[in-house]
file protein24.cif (mmCIF, N, CA and C atoms)
data_work
#
loop_
_atom_site.label_atom_id
_atom_site.label_comp_id
_atom_site.auth_asym_id
_atom_site.auth_seq_id
_atom_site.Cartn_x
_atom_site.Cartn_y
_atom_site.Cartn_z
N MET A 7 -33.72 -8.37 7.41
CA MET A 7 -33.75 -7.94 8.78
C MET A 7 -32.35 -7.55 9.28
N ALA A 8 -31.33 -8.25 8.79
CA ALA A 8 -29.97 -7.96 9.25
C ALA A 8 -29.54 -6.56 8.82
N LYS A 9 -29.96 -6.12 7.64
CA LYS A 9 -29.60 -4.78 7.18
C LYS A 9 -30.20 -3.70 8.08
N GLU A 10 -31.40 -3.94 8.54
CA GLU A 10 -32.06 -2.95 9.40
C GLU A 10 -31.27 -2.76 10.69
N GLU A 11 -30.71 -3.85 11.23
CA GLU A 11 -29.94 -3.74 12.47
C GLU A 11 -28.64 -3.00 12.23
N VAL A 12 -28.08 -3.13 11.05
CA VAL A 12 -26.86 -2.40 10.73
C VAL A 12 -27.16 -0.92 10.62
N LEU A 13 -28.33 -0.59 10.11
CA LEU A 13 -28.69 0.79 9.86
C LEU A 13 -29.29 1.49 11.07
N VAL A 14 -29.50 0.77 12.17
CA VAL A 14 -30.13 1.34 13.36
C VAL A 14 -29.18 1.24 14.54
N TRP A 15 -29.08 2.31 15.30
CA TRP A 15 -28.32 2.25 16.54
C TRP A 15 -29.05 3.00 17.62
N GLU A 16 -28.66 2.74 18.84
CA GLU A 16 -29.38 3.32 19.97
C GLU A 16 -28.37 3.87 20.97
N ASP A 17 -28.69 5.02 21.56
CA ASP A 17 -27.86 5.56 22.62
C ASP A 17 -28.76 6.07 23.75
N LYS A 18 -28.22 6.87 24.65
CA LYS A 18 -28.98 7.34 25.82
C LYS A 18 -30.20 8.17 25.44
N THR A 19 -30.07 8.94 24.37
CA THR A 19 -31.16 9.86 24.01
C THR A 19 -32.23 9.23 23.15
N GLY A 20 -31.97 8.09 22.57
CA GLY A 20 -33.01 7.46 21.76
C GLY A 20 -32.44 6.54 20.69
N LYS A 21 -33.30 6.19 19.76
CA LYS A 21 -32.95 5.26 18.69
C LYS A 21 -32.86 6.05 17.38
N TYR A 22 -31.82 5.76 16.60
CA TYR A 22 -31.59 6.48 15.35
C TYR A 22 -31.51 5.49 14.20
N LYS A 23 -31.90 5.97 13.05
CA LYS A 23 -31.81 5.15 11.85
C LYS A 23 -30.89 5.84 10.86
N LEU A 24 -29.92 5.11 10.38
CA LEU A 24 -28.96 5.63 9.43
C LEU A 24 -29.55 5.54 8.03
N GLY A 25 -29.45 6.61 7.27
CA GLY A 25 -29.93 6.59 5.90
C GLY A 25 -29.07 5.66 5.05
N TYR A 26 -29.66 5.08 4.02
CA TYR A 26 -28.93 4.13 3.19
C TYR A 26 -27.75 4.79 2.48
N SER A 27 -27.91 6.04 2.08
CA SER A 27 -26.80 6.73 1.42
C SER A 27 -25.65 6.95 2.41
N GLN A 28 -25.98 7.23 3.67
CA GLN A 28 -24.93 7.36 4.68
C GLN A 28 -24.23 6.03 4.91
N TYR A 29 -25.03 4.96 4.92
CA TYR A 29 -24.46 3.62 5.07
C TYR A 29 -23.50 3.31 3.93
N LEU A 30 -23.89 3.64 2.70
CA LEU A 30 -23.01 3.41 1.55
C LEU A 30 -21.76 4.29 1.62
N GLN A 31 -21.90 5.51 2.10
CA GLN A 31 -20.75 6.39 2.26
C GLN A 31 -19.74 5.81 3.25
N GLN A 32 -20.25 5.21 4.33
CA GLN A 32 -19.36 4.58 5.30
C GLN A 32 -18.61 3.42 4.67
N LYS A 33 -19.31 2.61 3.87
CA LYS A 33 -18.66 1.49 3.18
C LYS A 33 -17.60 2.00 2.20
N ILE A 34 -17.93 3.04 1.45
CA ILE A 34 -16.98 3.62 0.49
C ILE A 34 -15.76 4.15 1.22
N LEU A 35 -15.97 4.79 2.36
CA LEU A 35 -14.84 5.32 3.14
C LEU A 35 -13.93 4.20 3.61
N LYS A 36 -14.51 3.08 4.05
CA LYS A 36 -13.69 1.93 4.47
C LYS A 36 -12.90 1.37 3.30
N ILE A 37 -13.55 1.25 2.15
CA ILE A 37 -12.87 0.71 0.97
C ILE A 37 -11.76 1.65 0.52
N ASN A 38 -12.02 2.96 0.51
CA ASN A 38 -11.00 3.93 0.12
C ASN A 38 -9.81 3.89 1.08
N THR A 39 -10.08 3.72 2.36
CA THR A 39 -9.00 3.62 3.34
C THR A 39 -8.14 2.39 3.07
N MET A 40 -8.80 1.25 2.80
CA MET A 40 -8.04 0.03 2.50
C MET A 40 -7.23 0.19 1.21
N LEU A 41 -7.80 0.85 0.21
CA LEU A 41 -7.07 1.08 -1.03
C LEU A 41 -5.85 1.97 -0.81
N LEU A 42 -6.00 3.00 0.01
CA LEU A 42 -4.88 3.88 0.31
C LEU A 42 -3.76 3.11 1.01
N ILE A 43 -4.12 2.28 1.97
CA ILE A 43 -3.12 1.47 2.67
C ILE A 43 -2.44 0.52 1.69
N ALA A 44 -3.22 -0.08 0.78
CA ALA A 44 -2.64 -1.00 -0.20
C ALA A 44 -1.67 -0.27 -1.13
N VAL A 45 -2.00 0.94 -1.55
CA VAL A 45 -1.11 1.71 -2.43
C VAL A 45 0.18 2.07 -1.69
N ILE A 46 0.07 2.46 -0.44
CA ILE A 46 1.26 2.80 0.35
C ILE A 46 2.16 1.58 0.50
N ILE A 47 1.57 0.42 0.79
CA ILE A 47 2.35 -0.82 0.92
C ILE A 47 3.00 -1.17 -0.41
N LEU A 48 2.28 -0.98 -1.51
CA LEU A 48 2.83 -1.28 -2.84
C LEU A 48 4.02 -0.37 -3.15
N ILE A 49 3.92 0.91 -2.82
CA ILE A 49 5.02 1.84 -3.05
C ILE A 49 6.24 1.43 -2.23
N ILE A 50 6.01 1.05 -0.98
CA ILE A 50 7.12 0.60 -0.13
C ILE A 50 7.77 -0.65 -0.71
N MET A 51 6.95 -1.60 -1.18
CA MET A 51 7.48 -2.83 -1.76
C MET A 51 8.29 -2.54 -3.03
N ILE A 52 7.81 -1.63 -3.86
CA ILE A 52 8.56 -1.27 -5.08
C ILE A 52 9.89 -0.62 -4.69
N GLY A 53 9.89 0.23 -3.68
CA GLY A 53 11.14 0.84 -3.21
C GLY A 53 12.12 -0.19 -2.72
N ILE A 54 11.65 -1.16 -1.93
CA ILE A 54 12.52 -2.22 -1.43
C ILE A 54 13.05 -3.06 -2.59
N GLY A 55 12.18 -3.34 -3.55
CA GLY A 55 12.61 -4.11 -4.73
C GLY A 55 13.67 -3.36 -5.53
N PHE A 56 13.50 -2.05 -5.66
CA PHE A 56 14.50 -1.24 -6.37
C PHE A 56 15.84 -1.29 -5.66
N LEU A 57 15.82 -1.13 -4.34
CA LEU A 57 17.07 -1.17 -3.58
C LEU A 57 17.74 -2.54 -3.67
N TYR A 58 16.94 -3.61 -3.62
CA TYR A 58 17.49 -4.96 -3.73
C TYR A 58 18.09 -5.19 -5.12
N ALA A 59 17.39 -4.75 -6.16
CA ALA A 59 17.91 -4.89 -7.53
C ALA A 59 19.19 -4.09 -7.69
N HIS A 60 19.24 -2.89 -7.12
CA HIS A 60 20.45 -2.07 -7.19
C HIS A 60 21.62 -2.77 -6.51
N ALA A 61 21.37 -3.39 -5.36
CA ALA A 61 22.42 -4.12 -4.66
C ALA A 61 22.91 -5.30 -5.50
N LEU A 62 21.99 -5.99 -6.15
CA LEU A 62 22.40 -7.13 -6.99
C LEU A 62 23.22 -6.66 -8.19
N ILE A 63 22.84 -5.55 -8.79
CA ILE A 63 23.60 -5.02 -9.93
C ILE A 63 25.01 -4.63 -9.49
N GLN A 64 25.11 -4.05 -8.31
CA GLN A 64 26.43 -3.68 -7.80
C GLN A 64 27.30 -4.92 -7.58
N ARG A 65 26.71 -6.00 -7.09
CA ARG A 65 27.47 -7.23 -6.88
C ARG A 65 27.91 -7.84 -8.21
N VAL A 66 27.05 -7.80 -9.21
CA VAL A 66 27.41 -8.33 -10.52
C VAL A 66 28.53 -7.49 -11.13
N ASP A 67 28.45 -6.18 -10.97
CA ASP A 67 29.51 -5.31 -11.48
C ASP A 67 30.85 -5.60 -10.82
N GLN A 68 30.85 -5.94 -9.57
CA GLN A 68 32.09 -6.25 -8.88
C GLN A 68 32.70 -7.54 -9.40
N LEU A 69 31.87 -8.45 -9.85
CA LEU A 69 32.38 -9.74 -10.35
C LEU A 69 32.84 -9.67 -11.80
N ASP A 70 32.45 -8.66 -12.52
CA ASP A 70 32.75 -8.56 -13.94
C ASP A 70 34.22 -8.15 -14.13
N LEU A 71 35.00 -9.04 -14.72
CA LEU A 71 36.43 -8.78 -14.92
C LEU A 71 36.67 -7.67 -15.94
N VAL A 72 35.84 -7.62 -16.97
CA VAL A 72 36.01 -6.60 -18.00
C VAL A 72 35.84 -5.21 -17.40
N SER A 73 34.85 -5.04 -16.54
CA SER A 73 34.64 -3.73 -15.94
C SER A 73 35.79 -3.37 -15.00
N LYS A 74 36.37 -4.37 -14.37
CA LYS A 74 37.53 -4.10 -13.51
C LYS A 74 38.73 -3.67 -14.34
N MET A 75 38.91 -4.33 -15.48
CA MET A 75 40.03 -3.96 -16.33
C MET A 75 39.84 -2.55 -16.90
N ILE A 76 38.63 -2.23 -17.31
CA ILE A 76 38.37 -0.89 -17.86
C ILE A 76 38.56 0.16 -16.76
N ALA A 77 38.11 -0.13 -15.57
CA ALA A 77 38.26 0.81 -14.47
C ALA A 77 39.73 1.03 -14.14
N SER A 78 40.53 -0.04 -14.20
CA SER A 78 41.95 0.13 -13.90
C SER A 78 42.67 0.87 -15.01
N MET A 79 42.19 0.77 -16.25
CA MET A 79 42.84 1.48 -17.36
C MET A 79 42.57 2.98 -17.27
N HIS A 80 41.44 3.38 -16.73
CA HIS A 80 41.08 4.80 -16.64
C HIS A 80 41.73 5.49 -15.44
N GLN A 81 42.34 4.74 -14.58
CA GLN A 81 42.94 5.38 -13.40
C GLN A 81 44.33 5.84 -13.65
#
call {"tool": "encode", "arguments": {"input": "protein24.cif", "output": "structure tokens"}}
result
Amino acid sequence: MAKEEVLVWEDKTGKYKLGYSQYLQQKILKINTMLLIAVIILIIMIGIGFLYAHALIQRVDQLDLVSKMIASMHQ
């Protein structure tokens, strides 16, 4: 009975019944939207992780005495 209420709506002009394929299309659209948002968030997180890793590598390079000596020899 609960499915029937999901598939039926009413407005000023009358009562309408949504076809099951239309109902499934709506569910698929919602799922695809959530997946798109999840992919965008994942890409942003990977970008932030890359920037953080790059910052850490730069800090390690600054602490490395050998790299400082090599850099001073090339100047």
call {"tool": "select_by_dssp", "arguments": {"input": "protein24.cif", "residues": "chain A", "states": "strand (DSSP E)", "output": "list in words"}}
result
Val14, Trp15, Glu16, Asp17, Gly20, Lys21, Tyr22 and Lys23 of chain A
call {"tool": "write_last_selection", "arguments": {"input": "protein24.cif", "atoms": "N, CA and C atoms", "output": "tab-separated table (two decimals), in the coordinates of the input"}}
result
chain	number	residue	atom	x	y	z
A	14	VAL	N	-29.50	0.77	12.17
A	14	VAL	CA	-30.13	1.34	13.36
A	14	VAL	C	-29.18	1.24	14.54
A	15	TRP	N	-29.08	2.31	15.30
A	15	TRP	CA	-28.32	2.25	16.54
A	15	TRP	C	-29.05	3.00	17.62
A	16	GLU	N	-28.66	2.74	18.84
A	16	GLU	CA	-29.38	3.32	19.97
A	16	GLU	C	-28.37	3.87	20.97
A	17	ASP	N	-28.69	5.02	21.56
A	17	ASP	CA	-27.86	5.56	22.62
A	17	ASP	C	-28.76	6.07	23.75
A	20	GLY	N	-31.97	8.09	22.57
A	20	GLY	CA	-33.01	7.46	21.76
A	20	GLY	C	-32.44	6.54	20.69
A	21	LYS	N	-33.30	6.19	19.76
A	21	LYS	CA	-32.95	5.26	18.69
A	21	LYS	C	-32.86	6.05	17.38
A	22	TYR	N	-31.82	5.76	16.60
A	22	TYR	CA	-31.59	6.48	15.35
A	22	TYR	C	-31.51	5.49	14.20
A	23	LYS	N	-31.90	5.97	13.05
A	23	LYS	CA	-31.81	5.15	11.85
A	23	LYS	C	-30.89	5.84	10.86
call {"tool": "select_by_dssp", "arguments": {"input": "protein24.cif", "residues": "chain A", "states": "helix (DSSP H, G or I)", "output": "ChimeraX atom specification"}}
result
/A:8-13,26-69,71-79
call {"tool": "axis_aligned_box", "arguments": {"input": "protein24.cif", "around": "region 54-59 of chain A", "padding_each_side": "3 Å", "output": "AutoDock Vina command-line options"}}
result
--center_x 15.4 --center_y -3.2 --center_z -4.6 --size_x 13.5 --size_y 10.1 --size_z 12.3
call {"tool": "closest_residue", "arguments": {"input": "protein24.cif", "among": "A:His60, A:Leu13, A:Ala44, A:Lys74", "to": "Tyr29 (chain A)", "atoms": "only N, CA and C atoms"}}
result
A:Leu13
call {"tool": "atom_distance", "arguments": {"input": "protein24.cif", "atom1": "atom C of Ile52 (chain A)", "atom2": "atom C of Val72 (chain A)"}}
result
29.3 Å
call {"tool": "residues_near_point", "arguments": {"input": "protein24.cif", "point": "(-33.4, 4.4, 8.3)", "cutoff": "8 Å", "atoms": "all atoms listed in the file", "output": "tab-separated table (two decimals) with N, CA and C atoms, in the frame of the given file"}}
result
chain	number	residue	atom	x	y	z
A	10	GLU	N	-31.40	-3.94	8.54
A	10	GLU	CA	-32.06	-2.95	9.40
A	10	GLU	C	-31.27	-2.76	10.69
A	13	LEU	N	-28.33	-0.59	10.11
A	13	LEU	CA	-28.69	0.79	9.86
A	13	LEU	C	-29.29	1.49	11.07
A	14	VAL	N	-29.50	0.77	12.17
A	14	VAL	CA	-30.13	1.34	13.36
A	14	VAL	C	-29.18	1.24	14.54
A	22	TYR	N	-31.82	5.76	16.60
A	22	TYR	CA	-31.59	6.48	15.35
A	22	TYR	C	-31.51	5.49	14.20
A	23	LYS	N	-31.90	5.97	13.05
A	23	LYS	CA	-31.81	5.15	11.85
A	23	LYS	C	-30.89	5.84	10.86
A	24	LEU	N	-29.92	5.11	10.38
A	24	LEU	CA	-28.96	5.63	9.43
A	24	LEU	C	-29.55	5.54	8.03
A	25	GLY	N	-29.45	6.61	7.27
A	25	GLY	CA	-29.93	6.59	5.90
A	25	GLY	C	-29.07	5.66	5.05
A	26	TYR	N	-29.66	5.08	4.02
A	26	TYR	CA	-28.93	4.13	3.19
A	26	TYR	C	-27.75	4.79	2.48
call {"tool": "atom_distance", "arguments": {"input": "protein24.cif", "atom1": "atom C of Thr19 (chain A)", "atom2": "atom C of Gln32 (chain A)"}}
result
23.7 Å
call {"tool": "atom_distance", "arguments": {"input": "protein24.cif", "atom1": "atom N of Leu69 (chain A)", "atom2": "CA of Phe56 (chain A)"}}
result
19.1 Å
call {"tool": "decode", "arguments": {"input": "protein24.cif", "residues": "region 39-56 of chain A", "atoms": "N, CA and C atoms", "output": "PDB file, in the first residue's frame"}}
result
ATOM      1  N   THR A  39      22.753  11.702  -9.099  1.00  0.00           N
ATOM      2  CA  THR A  39      23.101  13.007  -8.543  1.00  0.00           C
ATOM      3  C   THR A  39      24.003  12.848  -7.328  1.00  0.00           C
ATOM      4  N   MET A  40      23.661  11.900  -6.448  1.00  0.00           N
ATOM      5  CA  MET A  40      24.498  11.666  -5.263  1.00  0.00           C
ATOM      6  C   MET A  40      25.886  11.166  -5.662  1.00  0.00           C
ATOM      7  N   LEU A  41      25.948  10.307  -6.678  1.00  0.00           N
ATOM      8  CA  LEU A  41      27.245   9.815  -7.143  1.00  0.00           C
ATOM      9  C   LEU A  41      28.095  10.940  -7.728  1.00  0.00           C
ATOM     10  N   LEU A  42      27.478  11.840  -8.477  1.00  0.00           N
ATOM     11  CA  LEU A  42      28.200  12.974  -9.032  1.00  0.00           C
ATOM     12  C   LEU A  42      28.760  13.853  -7.926  1.00  0.00           C
ATOM     13  N   ILE A  43      27.950  14.127  -6.911  1.00  0.00           N
ATOM     14  CA  ILE A  43      28.417  14.933  -5.781  1.00  0.00           C
ATOM     15  C   ILE A  43      29.568  14.224  -5.068  1.00  0.00           C
ATOM     16  N   ALA A  44      29.452  12.902  -4.894  1.00  0.00           N
ATOM     17  CA  ALA A  44      30.517  12.143  -4.234  1.00  0.00           C
ATOM     18  C   ALA A  44      31.815  12.192  -5.037  1.00  0.00           C
ATOM     19  N   VAL A  45      31.731  12.096  -6.360  1.00  0.00           N
ATOM     20  CA  VAL A  45      32.931  12.157  -7.202  1.00  0.00           C
ATOM     21  C   VAL A  45      33.575  13.541  -7.120  1.00  0.00           C
ATOM     22  N   ILE A  46      32.763  14.585  -7.128  1.00  0.00           N
ATOM     23  CA  ILE A  46      33.300  15.945  -7.025  1.00  0.00           C
ATOM     24  C   ILE A  46      34.002  16.133  -5.682  1.00  0.00           C
ATOM     25  N   ILE A  47      33.388  15.653  -4.599  1.00  0.00           N
ATOM     26  CA  ILE A  47      34.009  15.757  -3.273  1.00  0.00           C
ATOM     27  C   ILE A  47      35.303  14.961  -3.239  1.00  0.00           C
ATOM     28  N   LEU A  48      35.317  13.786  -3.852  1.00  0.00           N
ATOM     29  CA  LEU A  48      36.533  12.960  -3.882  1.00  0.00           C
ATOM     30  C   LEU A  48      37.655  13.665  -4.638  1.00  0.00           C
ATOM     31  N   ILE A  49      37.340  14.293  -5.761  1.00  0.00           N
ATOM     32  CA  ILE A  49      38.350  15.022  -6.527  1.00  0.00           C
ATOM     33  C   ILE A  49      38.906  16.176  -5.707  1.00  0.00           C
ATOM     34  N   ILE A  50      38.039  16.888  -5.011  1.00  0.00           N
ATOM     35  CA  ILE A  50      38.494  17.996  -4.162  1.00  0.00           C
ATOM     36  C   ILE A  50      39.396  17.476  -3.049  1.00  0.00           C
ATOM     37  N   MET A  51      39.018  16.354  -2.425  1.00  0.00           N
ATOM     38  CA  MET A  51      39.834  15.778  -1.355  1.00  0.00           C
ATOM     39  C   MET A  51      41.195  15.328  -1.877  1.00  0.00           C
ATOM     40  N   ILE A  52      41.239  14.735  -3.063  1.00  0.00           N
ATOM     41  CA  ILE A  52      42.524  14.320  -3.644  1.00  0.00           C
ATOM     42  C   ILE A  52      43.389  15.549  -3.921  1.00  0.00           C
ATOM     43  N   GLY A  53      42.785  16.619  -4.424  1.00  0.00           N
ATOM     44  CA  GLY A  53      43.536  17.856  -4.664  1.00  0.00           C
ATOM     45  C   GLY A  53      44.111  18.424  -3.380  1.00  0.00           C
ATOM     46  N   ILE A  54      43.310  18.451  -2.319  1.00  0.00           N
ATOM     47  CA  ILE A  54      43.794  18.955  -1.028  1.00  0.00           C
ATOM     48  C   ILE A  54      44.909  18.059  -0.502  1.00  0.00           C
ATOM     49  N   GLY A  55      44.744  16.749  -0.655  1.00  0.00           N
ATOM     50  CA  GLY A  55      45.790  15.818  -0.220  1.00  0.00           C
ATOM     51  C   GLY A  55      47.084  16.021  -0.995  1.00  0.00           C
ATOM     52  N   PHE A  56      46.970  16.266  -2.292  1.00  0.00           N
ATOM     53  CA  PHE A  56      48.160  16.524  -3.101  1.00  0.00           C
ATOM     54  C   PHE A  56      48.876  17.788  -2.632  1.00  0.00           C
TER      55      PHE A  56
END
